[in-house]
file coords.cif (mmCIF, C-alpha atoms and all ligand atoms)
data_query
#
loop_
_atom_site.label_atom_id
_atom_site.label_comp_id
_atom_site.auth_asym_id
_atom_site.auth_seq_id
_atom_site.Cartn_x
_atom_site.Cartn_y
_atom_site.Cartn_z
CA MET A 1 -8.15 -17.96 -12.70
CA TYR A 2 -7.79 -14.47 -11.31
CA ILE A 3 -5.16 -11.90 -12.18
CA SER A 4 -3.27 -10.45 -9.23
CA VAL A 5 -0.75 -7.67 -9.59
CA ALA A 6 1.56 -6.77 -6.70
CA ILE A 7 3.15 -3.36 -6.24
CA ASP A 8 5.53 -2.73 -3.37
CA GLY A 9 7.87 0.08 -2.61
CA PRO A 10 8.76 2.77 -0.12
CA ALA A 11 6.47 5.62 0.92
CA GLY A 12 6.04 8.25 -1.76
CA ALA A 13 7.23 6.15 -4.71
CA GLY A 14 3.89 6.69 -6.48
CA LYS A 15 2.42 3.22 -5.81
CA SER A 16 -1.17 4.34 -5.28
CA THR A 17 -1.23 6.71 -8.28
CA ILE A 18 0.13 3.98 -10.53
CA ALA A 19 -2.04 1.21 -9.04
CA ASN A 20 -5.15 3.33 -9.49
CA ILE A 21 -4.52 3.98 -13.17
CA ILE A 22 -3.58 0.35 -13.88
CA ALA A 23 -6.72 -0.80 -12.01
CA ASN A 24 -8.93 1.32 -14.26
CA LYS A 25 -7.08 0.34 -17.40
CA PHE A 26 -7.32 -3.42 -16.81
CA ASP A 27 -10.56 -3.44 -14.78
CA LEU A 28 -8.89 -4.72 -11.61
CA MET A 29 -10.01 -4.11 -8.04
CA TYR A 30 -7.53 -1.74 -6.40
CA ILE A 31 -6.65 -2.81 -2.86
CA ASN A 32 -4.59 -0.27 -0.99
CA THR A 33 -3.34 -2.44 1.87
CA GLY A 34 -1.84 0.53 3.75
CA SER A 35 -5.43 1.78 4.15
CA MET A 36 -6.33 -1.44 5.93
CA TYR A 37 -3.54 -0.95 8.50
CA ARG A 38 -4.67 2.66 8.82
CA ALA A 39 -8.29 1.56 9.41
CA VAL A 40 -7.24 -0.75 12.26
CA THR A 41 -5.24 2.14 13.74
CA LEU A 42 -8.17 4.57 13.45
CA MET A 43 -10.57 2.18 15.16
CA ALA A 44 -8.04 1.34 17.89
CA LEU A 45 -7.42 5.04 18.59
CA ARG A 46 -11.15 5.76 18.67
CA ASN A 47 -11.63 2.97 21.18
CA ASN A 48 -8.53 3.80 23.23
CA VAL A 49 -6.93 0.46 22.46
CA ASP A 50 -3.17 0.85 22.78
CA PHE A 51 -0.89 -1.03 20.36
CA THR A 52 0.80 -2.78 23.31
CA ASP A 53 -2.53 -4.46 24.18
CA VAL A 54 -2.22 -7.00 21.38
CA LYS A 55 -5.17 -9.14 22.48
CA SER A 56 -7.57 -6.21 22.39
CA VAL A 57 -6.21 -4.95 19.05
CA CYS A 58 -6.78 -8.45 17.63
CA ASN A 59 -10.34 -8.65 18.95
CA LEU A 60 -11.06 -5.21 17.56
CA THR A 61 -9.55 -6.11 14.15
CA LYS A 62 -11.61 -9.30 13.95
CA SER A 63 -14.77 -7.26 14.56
CA LEU A 64 -14.13 -5.07 11.51
CA GLU A 65 -15.79 -5.81 8.17
CA MET A 66 -13.65 -4.07 5.55
CA HIS A 67 -14.24 -3.75 1.86
CA PHE A 68 -13.31 -1.39 -0.94
CA GLU A 69 -15.87 0.46 -3.04
CA GLY A 70 -13.84 2.03 -5.83
CA ASN A 71 -11.25 4.11 -4.02
CA SER A 72 -13.18 4.21 -0.77
CA LEU A 73 -12.57 1.96 2.19
CA ILE A 74 -15.73 0.99 4.05
CA VAL A 75 -15.33 -0.31 7.61
CA ASN A 76 -18.41 -1.65 9.39
CA GLY A 77 -20.53 0.34 6.98
CA GLU A 78 -18.66 3.64 7.50
CA ASP A 79 -16.62 5.35 4.78
CA VAL A 80 -13.28 6.03 6.53
CA THR A 81 -11.30 7.00 3.40
CA GLU A 82 -10.63 10.58 4.53
CA GLU A 83 -10.17 10.00 8.23
CA ILE A 84 -7.52 7.28 7.91
CA ARG A 85 -5.22 9.86 6.24
CA ASN A 86 -5.22 12.27 9.18
CA THR A 87 -1.98 13.06 11.03
CA THR A 88 -2.88 11.16 14.20
CA VAL A 89 -3.46 7.95 12.25
CA SER A 90 -0.32 8.55 10.14
CA ASN A 91 1.79 9.03 13.27
CA ASN A 92 0.54 5.84 14.93
CA VAL A 93 0.02 3.37 12.09
CA SER A 94 3.53 1.91 12.02
CA ASN A 95 3.10 0.70 15.63
CA TYR A 96 -0.08 -1.19 14.79
CA ALA A 97 1.30 -2.42 11.43
CA ALA A 98 4.25 -3.99 13.27
CA ILE A 99 2.02 -6.36 15.33
CA PRO A 100 2.49 -9.88 13.82
CA GLU A 101 -1.02 -11.04 14.82
CA ILE A 102 -2.61 -8.04 13.08
CA ARG A 103 -0.56 -8.66 9.96
CA GLU A 104 -1.73 -12.28 9.95
CA ILE A 105 -5.40 -11.23 10.06
CA LEU A 106 -5.04 -8.57 7.36
CA VAL A 107 -2.85 -10.72 5.08
CA LYS A 108 -5.54 -13.43 5.20
CA LEU A 109 -8.23 -10.88 4.28
CA GLN A 110 -6.09 -9.59 1.39
CA GLN A 111 -5.46 -13.13 0.12
CA ASP A 112 -9.20 -13.90 0.32
CA MET A 113 -9.88 -10.86 -1.87
CA SER A 114 -7.31 -12.01 -4.42
CA ASN A 115 -9.06 -15.40 -4.58
CA LYS A 116 -12.38 -13.76 -5.46
CA TYR A 117 -11.48 -10.85 -7.74
CA ASN A 118 -8.93 -9.66 -10.29
CA VAL A 119 -6.84 -7.36 -8.11
CA ILE A 120 -3.96 -4.94 -8.00
CA MET A 121 -2.59 -4.51 -4.48
CA ASP A 122 -0.02 -2.10 -3.22
CA GLY A 123 1.85 -2.16 0.06
CA ARG A 124 5.13 -3.32 1.55
CA ASP A 125 4.84 -7.12 1.72
CA ILE A 126 2.63 -7.89 -1.28
CA GLY A 127 5.29 -9.52 -3.48
CA THR A 128 7.04 -11.25 -0.59
CA VAL A 129 4.04 -12.48 1.43
CA VAL A 130 0.48 -11.64 0.36
CA LEU A 131 0.74 -12.46 -3.37
CA LYS A 132 4.10 -14.19 -3.33
CA ASN A 133 3.07 -16.56 -6.12
CA SER A 134 1.81 -13.83 -8.42
CA PRO A 135 3.65 -13.69 -11.76
CA LEU A 136 3.15 -9.90 -11.90
CA LYS A 137 5.18 -8.30 -9.13
CA PHE A 138 6.66 -4.84 -9.26
CA PHE A 139 8.93 -2.97 -6.88
CA LEU A 140 8.54 0.74 -7.43
CA THR A 141 11.28 2.98 -6.09
CA ALA A 142 12.54 6.54 -6.45
CA SER A 143 15.36 8.29 -4.64
CA PRO A 144 14.44 9.79 -1.23
CA GLU A 145 15.17 13.26 -2.67
CA GLU A 146 12.81 12.74 -5.61
CA ARG A 147 10.05 11.36 -3.35
CA ALA A 148 10.47 14.30 -0.95
CA LYS A 149 10.31 16.73 -3.89
CA ARG A 150 7.06 15.18 -5.16
CA ARG A 151 5.48 15.26 -1.69
CA TYR A 152 6.68 18.84 -1.16
CA GLU A 153 5.15 20.01 -4.45
CA GLU A 154 1.89 18.17 -3.70
CA LEU A 155 1.56 19.86 -0.29
CA ILE A 156 2.54 23.30 -1.58
CA GLU A 157 -0.09 22.96 -4.30
CA LYS A 158 -2.66 22.22 -1.59
CA GLY A 159 -1.60 25.42 0.18
CA THR A 160 0.13 23.68 3.12
CA SER A 161 3.27 25.40 4.37
CA VAL A 162 6.06 22.81 4.67
CA GLU A 163 9.85 22.56 4.72
CA TYR A 164 11.47 20.34 2.09
CA ASN A 165 14.14 19.15 4.56
CA ASN A 166 11.53 18.05 7.11
CA ILE A 167 9.77 15.99 4.45
CA LEU A 168 13.04 14.44 3.32
CA ASN A 169 13.94 13.51 6.92
CA ASP A 170 10.47 11.97 7.49
CA ILE A 171 10.85 9.88 4.34
CA ILE A 172 14.28 8.62 5.36
CA LYS A 173 12.93 7.75 8.83
CA ARG A 174 9.88 5.90 7.43
CA ASP A 175 12.06 3.97 4.97
CA TYR A 176 14.21 2.82 7.87
CA ILE A 177 11.24 1.72 10.02
CA ASP A 178 9.46 -0.04 7.12
CA SER A 179 12.62 -1.85 5.99
CA ASN A 180 13.92 -2.87 9.40
CA ARG A 181 10.86 -4.07 11.30
CA ALA A 182 10.98 -7.70 12.43
CA VAL A 183 7.84 -8.92 10.65
CA ASN A 184 7.32 -8.67 6.88
CA PRO A 185 9.66 -5.71 6.31
CA LEU A 186 9.66 -3.81 3.05
CA LYS A 187 11.87 -5.90 0.79
CA LYS A 188 12.05 -6.49 -2.92
CA ALA A 189 10.98 -10.06 -3.73
CA CYS A 190 13.74 -11.75 -5.73
CA ASP A 191 11.32 -12.23 -8.66
CA SER A 192 9.89 -8.69 -8.58
CA ILE A 193 10.53 -6.31 -11.46
CA GLU A 194 12.23 -3.22 -10.07
CA ILE A 195 11.22 0.11 -11.56
CA ASP A 196 13.11 3.22 -10.47
CA SER A 197 10.75 6.08 -11.25
CA SER A 198 13.18 8.87 -10.30
CA LYS A 199 13.64 9.85 -13.91
CA LEU A 200 10.42 8.43 -15.37
CA SER A 201 7.05 10.10 -15.85
CA ILE A 202 3.85 8.47 -14.57
CA ASN A 203 3.01 7.56 -18.17
CA ASP A 204 6.40 5.86 -18.62
CA VAL A 205 5.80 3.71 -15.54
CA ILE A 206 2.22 2.90 -16.63
CA GLU A 207 3.46 1.85 -20.04
CA LEU A 208 6.17 -0.39 -18.59
CA ILE A 209 3.79 -2.17 -16.20
CA SER A 210 1.03 -2.38 -18.83
CA ASN A 211 3.40 -4.15 -21.22
CA TYR A 212 4.10 -6.86 -18.64
CA ILE A 213 0.39 -7.30 -17.87
CA GLU A 214 -0.62 -7.41 -21.55
CA ASP A 215 2.13 -9.91 -22.23
CA TYR A 216 0.91 -12.08 -19.36
CA ILE A 217 -2.74 -11.89 -20.49
CA ARG A 218 -1.70 -12.83 -24.03
CA LYS A 219 0.41 -15.78 -22.91
CA CYS A 220 -2.10 -17.16 -20.45
CA ASN A 221 -5.18 -16.23 -22.41
CA VAL A 222 -6.86 -14.93 -19.23
CA ASN A 223 -9.70 -12.38 -19.04
O1 LIG A 301 1.20 3.10 2.42
P1 LIG A 301 0.73 3.78 3.70
O2 LIG A 301 1.60 4.94 4.13
O3 LIG A 301 -0.71 4.16 3.69
O4 LIG A 301 0.92 2.67 4.83
C1 LIG A 301 0.55 2.91 6.16
C2 LIG A 301 1.43 2.08 7.09
O5 LIG A 301 1.16 0.69 6.95
C3 LIG A 301 2.94 2.26 6.92
O6 LIG A 301 3.51 2.33 8.22
C4 LIG A 301 3.40 1.00 6.25
C5 LIG A 301 2.37 -0.02 6.69
N1 LIG A 301 2.07 -1.03 5.70
C6 LIG A 301 2.53 -2.29 5.93
O7 LIG A 301 3.23 -2.51 6.92
N2 LIG A 301 2.24 -3.29 5.06
C7 LIG A 301 1.50 -3.06 3.99
N3 LIG A 301 1.22 -4.07 3.15
C8 LIG A 301 1.02 -1.76 3.72
C9 LIG A 301 1.33 -0.75 4.60
#

call {"tool": "encode", "arguments": {"input": "coords.cif", "output": "structure tokens"}}
result
Amino acid sequence: MYISVAIDGPAGAGKSTIANIIANKFDLMYINTGSMYRAVTLMALRNNVDFTDVKSVCNLTKSLEMHFEGNSLIVNGEDVTEEIRNTTVSNNVSNYAAIPEIREILVKLQQDMSNKYNVIMDGRDIGTVVLKNSPLKFFLTASPEERAKRRYEELIEKGTSVEYNNILNDIIKRDYIDSNRAVNPLKKACDSIEIDSSKLSINDVIELISNYIEDYIRKCNVN
């Protein structure tokens, strides 16, 4: 029996930071599902396949062999980890992620991974769709203002000149798109544990989630 941990939540809530640490702590494979939607978008853009041409996007997606090596995403043998974070991909990914047929292909891939490995997955539909039967589901939130502040500080530290208000507006816009799209919108599963990290440190969140996982491992005697 494999352990699968689901972490959902809006953009900037700290999902990937938390998932990474938990993955190392419990020796789980970290699957960042947003990266998979980004990889499809990158390949579609490279091949001039528009998101409205669903058939071609599907054919392209089916031709991609994706796997994770640590924190890197390898697609058809190429490490695309850096490139999928560029602005062009970021600005286009929600269009490709909204295609039901693409979601079906990627959800199946994600479920296959969870049937082969102990995993922690983060995304938007993990607790509601991909790992809906997992007993370890978390919904990580933080206020839009707190998420904007964190992103602002991160970018300033990197030397990028940004306006706090622009970041806040982008976050509010992305929340709306992610929560209101027709297929698999961002939604807390009714049996997910909600953690509002607005006033918690990373260590506080790690400790909370770790307690649930340890409790589960103890009860089920897995690992
Ligand atoms: O988490 P991220 O910003 O890297 O996600 C990129 C895009 O993919 C974003 O528009 C939300 C979408 N996404 C999704 O629809 N379902 C997921 N499971 C993960 C991400």

call {"tool": "residues_near_ligand", "arguments": {"input": "coords.cif", "ligand": "ligand LIG 301 (chain A)", "cutoff": "7 Å", "atoms": "all atoms listed in the file", "output": "PyMOL selection string"}}
result
chain A and resi 11+33-35+37-38+90+93-94+97-98+122-126+178

call {"tool": "write_last_selection", "arguments": {"input": "coords.cif", "atoms": "C-alpha atoms", "output": "PDB file, in the frame of the given file"}}
result
ATOM      1  CA  ALA A  11       6.470   5.620   0.920  1.00  0.00           C
ATOM      2  CA  THR A  33      -3.340  -2.440   1.870  1.00  0.00           C
ATOM      3  CA  GLY A  34      -1.840   0.530   3.750  1.00  0.00           C
ATOM      4  CA  SER A  35      -5.430   1.780   4.150  1.00  0.00           C
ATOM      5  CA  TYR A  37      -3.540  -0.950   8.500  1.00  0.00           C
ATOM      6  CA  ARG A  38      -4.670   2.660   8.820  1.00  0.00           C
ATOM      7  CA  SER A  90      -0.320   8.550  10.140  1.00  0.00           C
ATOM      8  CA  VAL A  93       0.020   3.370  12.090  1.00  0.00           C
ATOM      9  CA  SER A  94       3.530   1.910  12.020  1.00  0.00           C
ATOM     10  CA  ALA A  97       1.300  -2.420  11.430  1.00  0.00           C
ATOM     11  CA  ALA A  98       4.250  -3.990  13.270  1.00  0.00           C
ATOM     12  CA  ASP A 122      -0.020  -2.100  -3.220  1.00  0.00           C
ATOM     13  CA  GLY A 123       1.850  -2.160   0.060  1.00  0.00           C
ATOM     14  CA  ARG A 124       5.130  -3.320   1.550  1.00  0.00           C
ATOM     15  CA  ASP A 125       4.840  -7.120   1.720  1.00  0.00           C
ATOM     16  CA  ILE A 126       2.630  -7.890  -1.280  1.00  0.00           C
ATOM     17  CA  ASP A 178       9.460  -0.040   7.120  1.00  0.00           C
TER      18      ASP A 178
END

call {"tool": "residues_around", "arguments": {"input": "coords.cif", "residues": "range 13-21 of chain A", "least_positions_apart": "6", "cutoff": "7 Å", "atoms": "all atoms listed in the file", "output": "compact mmCIF listing (two decimals) with C-alpha atoms, in the coordinates of the input"}}
result
# COMPACT_ATOMS: atom_id res chain seq x y z
CA ILE A 7 3.15 -3.36 -6.24
CA TYR A 30 -7.53 -1.74 -6.40
CA ILE A 120 -3.96 -4.94 -8.00
CA ASP A 122 -0.02 -2.10 -3.22
CA LEU A 140 8.54 0.74 -7.43
CA THR A 141 11.28 2.98 -6.09
CA ALA A 142 12.54 6.54 -6.45
CA ARG A 147 10.05 11.36 -3.35
CA ILE A 206 2.22 2.90 -16.63

call {"tool": "closest_residue", "arguments": {"input": "coords.cif", "among": "A:Glu207, A:Asp191, A:Glu104, A:Asp79", "to": "Asn133 in chain A", "atoms": "all atoms listed in the file"}}
result
A:Asp191

call {"tool": "closest_residue", "arguments": {"input": "coords.cif", "among": "A:Glu194, A:Ala148, A:Asn95, A:Ala189", "to": "Val130 in chain A", "atoms": "only C-alpha atoms"}}
result
A:Ala189

call {"tool": "closest_residue", "arguments": {"input": "coords.cif", "among": "A:Ser143, A:Arg174, A:His67, A:Val129", "to": "Lys188 in chain A", "atoms": "all atoms listed in the file"}}
result
A:Val129

call {"tool": "closest_residue", "arguments": {"input": "coords.cif", "among": "A:Thr160, A:Asn165, A:Asn203, A:Ser197", "to": "Glu146 in chain A", "atoms": "all atoms listed in the file"}}
result
A:Ser197

call {"tool": "atom_distance", "arguments": {"input": "coords.cif", "atom1": "CA of Leu109 in chain A", "atom2": "CA of Glu65 in chain A"}}
result
9.9 Å

call {"tool": "residues_around", "arguments": {"input": "coords.cif", "residues": "Met113 in chain A", "least_positions_apart": "3", "cutoff": "12 Å", "atoms": "only C-alpha atoms", "output": "list of chain:residue names"}}
result
A:Tyr2, A:Ile3, A:Ser4, A:Leu28, A:Met29, A:Tyr30, A:Ile31, A:Asn32, A:Thr33, A:Met66, A:His67, A:Phe68, A:Leu106, A:Val107, A:Lys108, A:Leu109, A:Gln110, A:Lys116, A:Tyr117, A:Asn118, A:Val119, A:Ile120, A:Met121, A:Val130, A:Leu131

call {"tool": "atom_distance", "arguments": {"input": "coords.cif", "atom1": "CA of Asp50 in chain A", "atom2": "CA of Asn71 in chain A"}}
result
28.2 Å

call {"tool": "atom_distance", "arguments": {"input": "coords.cif", "atom1": "CA of Val183 in chain A", "atom2": "CA of Asp170 in chain A"}}
result
21.3 Å

call {"tool": "closest_residue", "arguments": {"input": "coords.cif", "among": "A:Gly159, A:Gly70, A:Pro135, A:Gly9", "to": "Asp196 in chain A", "atoms": "all atoms listed in the file"}}
result
A:Gly9

call {"tool": "closest_residue", "arguments": {"input": "coords.cif", "among": "A:Asn47, A:Ser56, A:Pro100, A:Asp27", "to": "Asn184 in chain A", "atoms": "all atoms listed in the file"}}
result
A:Pro100

call {"tool": "residues_near_point", "arguments": {"input": "coords.cif", "point": "(-6.4, 0.3, 16.9)", "cutoff": "12 Å", "atoms": "only C-alpha atoms", "output": "MDAnalysis selection string"}}
result
chainID A and resid 36:64 84 88:89 92:97 99 102
